[in-house]
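Trainee: After the structure tokens below, expect a handful of questions from me.
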Amino acid sequence: MSNFSKYKIEQVRLIHFAFEEERDHVASYVPETPFTDPDTICEKVFHLTQNLDESWVENAKESIRSDDTGKFTMCPGVETRSTSVGDIMQVCYAKPGGNGFMEVEYEVANVGFNRI
């Protein structure tokens with residue numbers, strides 16, 4: 001991935017697409033550290049959105065109440081599952097001058113993430 005560490009990440013949109021016919025935006029994540037590289041933030045979102053011992057959605061609700069791991073905003077009425085190979089993370093950087101987002105999409109790969 002390119003070095004975007006000088007750009008502020010406003011949010012990461014999680015889009016389920018692996019087992020779907022259409023893209024389904026299920027959640028947005030606002031990182032606690034907005035100046036980071038996309039590999040790190042994509043790894044973090046992938047890790048946070050796994051149903052391991054419990055539902056990641058329940059964990060997201062807990063993180064909304066505390067300030068320790070960034071903030072999730074869930075899209076209402078959307079079914080969720082663990083993030084899988086083929087899903088998309090749309091990293092939204094603040095455009096210089098504060099005029100909207102610059103969006104860069106990464107597909108979850110077997111190992112790591114591929115910029116698309």
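Starting from 1 in every chain, residues are counted up; chains themselves are A, B, ... following the order of the structure tokens, and ligands are numbered from 1 as listed.
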Could you give me, as JSON lines, a per-residue list for region 14-71 of chain A showing, wherever an atom lies at most 10 Å from an atom of region 104-113 of chain A, the closest pair of atoms and their distance in Å to one decimal, using only C-alpha atoms and sorting by chain then residue number from low to high?
Mentor:
{"residue": "A:Leu14", "atom": "CA", "partner": "A:Glu105", "partner_atom": "CA", "distance": 10.0}
{"residue": "A:Ile15", "atom": "CA", "partner": "A:Glu107", "partner_atom": "CA", "distance": 9.5}
{"residue": "A:Phe17", "atom": "CA", "partner": "A:Glu107", "partner_atom": "CA", "distance": 9.3}
{"residue": "A:Ala18", "atom": "CA", "partner": "A:Val108", "partner_atom": "CA", "distance": 9.1}
{"residue": "A:Pro38", "atom": "CA", "partner": "A:Tyr106", "partner_atom": "CA", "distance": 8.8}
{"residue": "A:Asp39", "atom": "CA", "partner": "A:Phe113", "partner_atom": "CA", "distance": 7.4}
{"residue": "A:Cys42", "atom": "CA", "partner": "A:Phe113", "partner_atom": "CA", "distance": 7.7}
{"residue": "A:Glu43", "atom": "CA", "partner": "A:Gly112", "partner_atom": "CA", "distance": 7.8}
{"residue": "A:Phe46", "atom": "CA", "partner": "A:Val108", "partner_atom": "CA", "distance": 8.4}
Trainee: Would you please give, as a list in words, all residues of chain A that DSSP assigns to helix (DSSP H, G or I) based on the backbone?
Mentor: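 Checking each residue of chain A, the helix (DSSP H, G or I) ones are Pro38, Asp39, Thr40, Ile41, Cys42, Glu43, Lys44, Val45, Phe46, His47, Leu48, Trp56, Val57, Glu58, Asn59, Ala60, Lys61, Glu62, Ser63, Ile64 and Arg65 of chain A.
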Trainee: Hey, can you spit out that residue selection with C-alpha atoms as a compact mmCIF listing (two decimals), in the first residue's frame?
Mentor:
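Saved the output as result.txt:
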# COMPACT_ATOMS: atom_id res chain seq x y z
CA PRO A 38 -3.72 1.95 5.63
CA ASP A 39 -2.21 -1.49 6.36
CA THR A 40 -2.40 -0.83 10.08
CA ILE A 41 -5.94 0.54 10.04
CA CYS A 42 -7.26 -2.22 7.75
CA GLU A 43 -5.69 -4.87 10.00
CA LYS A 44 -7.28 -3.25 13.04
CA VAL A 45 -10.76 -3.08 11.46
CA PHE A 46 -10.43 -6.68 10.24
CA HIS A 47 -9.47 -7.82 13.74
CA LEU A 48 -12.29 -5.85 15.40
CA TRP A 56 -18.18 -8.15 16.99
CA VAL A 57 -21.32 -6.00 16.78
CA GLU A 58 -21.77 -6.32 20.56
CA ASN A 59 -18.10 -5.39 21.01
CA ALA A 60 -18.64 -2.40 18.70
CA LYS A 61 -21.52 -1.26 20.90
CA GLU A 62 -19.19 -1.48 23.90
CA SER A 63 -16.51 0.57 22.11
CA ILE A 64 -19.13 3.22 21.33
CA ARG A 65 -19.60 3.62 25.08
Trainee: Do you know which residues are at most 9 Å from Tyr7 (chain A) counting only C-alpha atoms, after dropping those on the same chain fewer than 2 positions away, and could you put them as a list of chain:residue names?
Mentor: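 In the requested form, the answer reads A:Phe4, A:Ser5, A:Ile9, A:Pro34, A:Phe35, A:Thr36, A:Asp37, A:Tyr93, A:Ala94, A:Lys95, A:Pro96.
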Trainee: Kindly save the residues from that selection, with C-alpha atoms included, as an mmCIF file, in the first residue's frame.
Mentor:
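Now in part.cif:
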data_model
loop_
_atom_site.group_PDB
_atom_site.id
_atom_site.type_symbol
_atom_site.label_atom_id
_atom_site.label_comp_id
_atom_site.auth_asym_id
_atom_site.auth_seq_id
_atom_site.Cartn_x
_atom_site.Cartn_y
_atom_site.Cartn_z
ATOM 1 C CA PHE A 4 -0.628 7.858 3.255
ATOM 2 C CA SER A 5 0.602 8.502 6.805
ATOM 3 C CA ILE A 9 -8.055 9.143 8.092
ATOM 4 C CA PRO A 34 -6.145 9.198 12.444
ATOM 5 C CA PHE A 35 -2.592 9.553 11.085
ATOM 6 C CA THR A 36 -1.644 5.969 10.374
ATOM 7 C CA ASP A 37 -0.889 3.839 7.364
ATOM 8 C CA TYR A 93 -8.959 10.569 4.023
ATOM 9 C CA ALA A 94 -9.678 14.224 4.695
ATOM 10 C CA LYS A 95 -9.089 16.243 1.531
ATOM 11 C CA PRO A 96 -6.751 19.209 1.939
#
Trainee: List every residue of region 2-104 of chain A that DSSP, applied to the backbone, labels as strand (DSSP E or B), and write the result as JSON, numbers by chain.
Mentor: {"A": [9, 10, 11, 12, 13, 14, 15, 16, 24, 25, 26, 27, 28, 29, 30, 71, 72, 73, 74, 88, 89, 90, 91, 92, 93, 94, 101, 102, 103, 104]}
Trainee: Kindly save the residues from that selection, with N, CA and C atoms included, as a PDB file, in the first residue's frame.
Mentor:
ATOM      1  N   ILE A   9      -6.960  10.069   8.365  1.00  0.00           N
ATOM      2  CA  ILE A   9      -8.055   9.143   8.092  1.00  0.00           C
ATOM      3  C   ILE A   9      -9.259   9.594   8.910  1.00  0.00           C
ATOM      4  N   GLU A  10     -10.321   9.963   8.221  1.00  0.00           N
ATOM      5  CA  GLU A  10     -11.550  10.386   8.887  1.00  0.00           C
ATOM      6  C   GLU A  10     -12.387   9.187   9.320  1.00  0.00           C
ATOM      7  N   GLN A  11     -12.432   8.168   8.443  1.00  0.00           N
ATOM      8  CA  GLN A  11     -13.195   6.976   8.763  1.00  0.00           C
ATOM      9  C   GLN A  11     -12.823   5.842   7.815  1.00  0.00           C
ATOM     10  N   VAL A  12     -13.207   4.647   8.208  1.00  0.00           N
ATOM     11  CA  VAL A  12     -13.066   3.468   7.352  1.00  0.00           C
ATOM     12  C   VAL A  12     -14.461   2.865   7.236  1.00  0.00           C
ATOM     13  N   ARG A  13     -14.945   2.759   6.005  1.00  0.00           N
ATOM     14  CA  ARG A  13     -16.255   2.161   5.780  1.00  0.00           C
ATOM     15  C   ARG A  13     -16.063   0.676   5.487  1.00  0.00           C
ATOM     16  N   LEU A  14     -16.751  -0.159   6.243  1.00  0.00           N
ATOM     17  CA  LEU A  14     -16.695  -1.600   6.041  1.00  0.00           C
ATOM     18  C   LEU A  14     -17.832  -1.996   5.108  1.00  0.00           C
ATOM     19  N   ILE A  15     -17.477  -2.611   4.006  1.00  0.00           N
ATOM     20  CA  ILE A  15     -18.454  -2.992   2.989  1.00  0.00           C
ATOM     21  C   ILE A  15     -18.378  -4.500   2.791  1.00  0.00           C
ATOM     22  N   HIS A  16     -19.471  -5.189   3.112  1.00  0.00           N
ATOM     23  CA  HIS A  16     -19.527  -6.629   2.868  1.00  0.00           C
ATOM     24  C   HIS A  16     -19.854  -6.861   1.400  1.00  0.00           C
ATOM     25  N   ASP A  24     -22.609  -3.928   0.417  1.00  0.00           N
ATOM     26  CA  ASP A  24     -23.469  -3.642   1.552  1.00  0.00           C
ATOM     27  C   ASP A  24     -22.652  -2.941   2.633  1.00  0.00           C
ATOM     28  N   HIS A  25     -22.804  -1.632   2.748  1.00  0.00           N
ATOM     29  CA  HIS A  25     -22.088  -0.855   3.761  1.00  0.00           C
ATOM     30  C   HIS A  25     -22.702  -1.194   5.115  1.00  0.00           C
ATOM     31  N   VAL A  26     -21.925  -1.857   5.982  1.00  0.00           N
ATOM     32  CA  VAL A  26     -22.473  -2.319   7.256  1.00  0.00           C
ATOM     33  C   VAL A  26     -22.061  -1.461   8.452  1.00  0.00           C
ATOM     34  N   ALA A  27     -20.907  -0.813   8.367  1.00  0.00           N
ATOM     35  CA  ALA A  27     -20.428  -0.032   9.508  1.00  0.00           C
ATOM     36  C   ALA A  27     -19.345   0.938   9.058  1.00  0.00           C
ATOM     37  N   SER A  28     -19.157   1.958   9.873  1.00  0.00           N
ATOM     38  CA  SER A  28     -18.045   2.889   9.681  1.00  0.00           C
ATOM     39  C   SER A  28     -17.252   2.933  10.974  1.00  0.00           C
ATOM     40  N   TYR A  29     -15.950   3.078  10.831  1.00  0.00           N
ATOM     41  CA  TYR A  29     -15.059   3.088  11.980  1.00  0.00           C
ATOM     42  C   TYR A  29     -14.231   4.365  11.946  1.00  0.00           C
ATOM     43  N   VAL A  30     -14.240   5.094  13.045  1.00  0.00           N
ATOM     44  CA  VAL A  30     -13.404   6.283  13.185  1.00  0.00           C
ATOM     45  C   VAL A  30     -12.236   5.896  14.088  1.00  0.00           C
ATOM     46  N   LYS A  71     -14.180   4.389  17.289  1.00  0.00           N
ATOM     47  CA  LYS A  71     -15.646   4.405  17.321  1.00  0.00           C
ATOM     48  C   LYS A  71     -16.228   3.733  16.096  1.00  0.00           C
ATOM     49  N   PHE A  72     -17.198   2.851  16.299  1.00  0.00           N
ATOM     50  CA  PHE A  72     -17.977   2.265  15.218  1.00  0.00           C
ATOM     51  C   PHE A  72     -19.317   2.967  15.131  1.00  0.00           C
ATOM     52  N   THR A  73     -19.803   3.126  13.935  1.00  0.00           N
ATOM     53  CA  THR A  73     -21.177   3.519  13.684  1.00  0.00           C
ATOM     54  C   THR A  73     -21.767   2.420  12.822  1.00  0.00           C
ATOM     55  N   MET A  74     -22.790   1.778  13.334  1.00  0.00           N
ATOM     56  CA  MET A  74     -23.412   0.676  12.616  1.00  0.00           C
ATOM     57  C   MET A  74     -24.498   1.222  11.692  1.00  0.00           C
ATOM     58  N   ILE A  88     -14.643  -5.306   1.437  1.00  0.00           N
ATOM     59  CA  ILE A  88     -13.943  -4.076   1.072  1.00  0.00           C
ATOM     60  C   ILE A  88     -13.884  -3.127   2.265  1.00  0.00           C
ATOM     61  N   MET A  89     -12.729  -2.511   2.421  1.00  0.00           N
ATOM     62  CA  MET A  89     -12.565  -1.438   3.396  1.00  0.00           C
ATOM     63  C   MET A  89     -12.268  -0.169   2.616  1.00  0.00           C
ATOM     64  N   GLN A  90     -13.129   0.793   2.773  1.00  0.00           N
ATOM     65  CA  GLN A  90     -13.000   2.062   2.062  1.00  0.00           C
ATOM     66  C   GLN A  90     -12.415   3.076   3.054  1.00  0.00           C
ATOM     67  N   VAL A  91     -11.137   3.385   2.873  1.00  0.00           N
ATOM     68  CA  VAL A  91     -10.446   4.316   3.762  1.00  0.00           C
ATOM     69  C   VAL A  91     -10.698   5.726   3.254  1.00  0.00           C
ATOM     70  N   CYS A  92     -11.281   6.563   4.109  1.00  0.00           N
ATOM     71  CA  CYS A  92     -11.673   7.922   3.728  1.00  0.00           C
ATOM     72  C   CYS A  92     -10.727   8.922   4.388  1.00  0.00           C
ATOM     73  N   TYR A  93      -9.913   9.562   3.558  1.00  0.00           N
ATOM     74  CA  TYR A  93      -8.959  10.569   4.023  1.00  0.00           C
ATOM     75  C   TYR A  93      -9.577  11.946   3.875  1.00  0.00           C
ATOM     76  N   ALA A  94      -9.225  12.848   4.805  1.00  0.00           N
ATOM     77  CA  ALA A  94      -9.678  14.224   4.695  1.00  0.00           C
ATOM     78  C   ALA A  94      -8.955  14.877   3.523  1.00  0.00           C
ATOM     79  N   PHE A 101     -13.988  13.911   1.224  1.00  0.00           N
ATOM     80  CA  PHE A 101     -13.105  12.780   1.429  1.00  0.00           C
ATOM     81  C   PHE A 101     -12.390  12.394   0.147  1.00  0.00           C
ATOM     82  N   MET A 102     -11.206  11.847   0.307  1.00  0.00           N
ATOM     83  CA  MET A 102     -10.515  11.124  -0.757  1.00  0.00           C
ATOM     84  C   MET A 102     -10.641   9.653  -0.341  1.00  0.00           C
ATOM     85  N   GLU A 103     -11.333   8.854  -1.157  1.00  0.00           N
ATOM     86  CA  GLU A 103     -11.605   7.468  -0.793  1.00  0.00           C
ATOM     87  C   GLU A 103     -10.677   6.514  -1.532  1.00  0.00           C
ATOM     88  N   VAL A 104     -10.085   5.612  -0.786  1.00  0.00           N
ATOM     89  CA  VAL A 104      -9.221   4.583  -1.352  1.00  0.00           C
ATOM     90  C   VAL A 104      -9.759   3.247  -0.852  1.00  0.00           C
TER      91      VAL A 104
END
Trainee: Please measure the separation of CA of Gly70 (chain A) and CA of Glu32 (chain A), giving the value in Å to one decimal.
Mentor: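 Answer for the CA of Gly70 (chain A) to CA of Glu32 (chain A) separation: 4.4 Å.
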Trainee: Smallest atom-to-atom distance to Thr83 (chain A): which of A:Phe19, A:Pro31, A:Thr49, A:Gly100, using only C-alpha atoms?
Mentor: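 Ranked by minimum distance to Thr83 (chain A), first place goes to A:Thr49.
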Trainee: Kindly give the distance, in Å, that separates CA of Gly77 (chain A) and CA of Asp53 (chain A), rounded to a single decimal.
Mentor: 23.3 Å
Trainee: Do you have the CA of Glu22 (chain A)-CA of Ser55 (chain A) distance handy?
Mentor: 23.4 Å
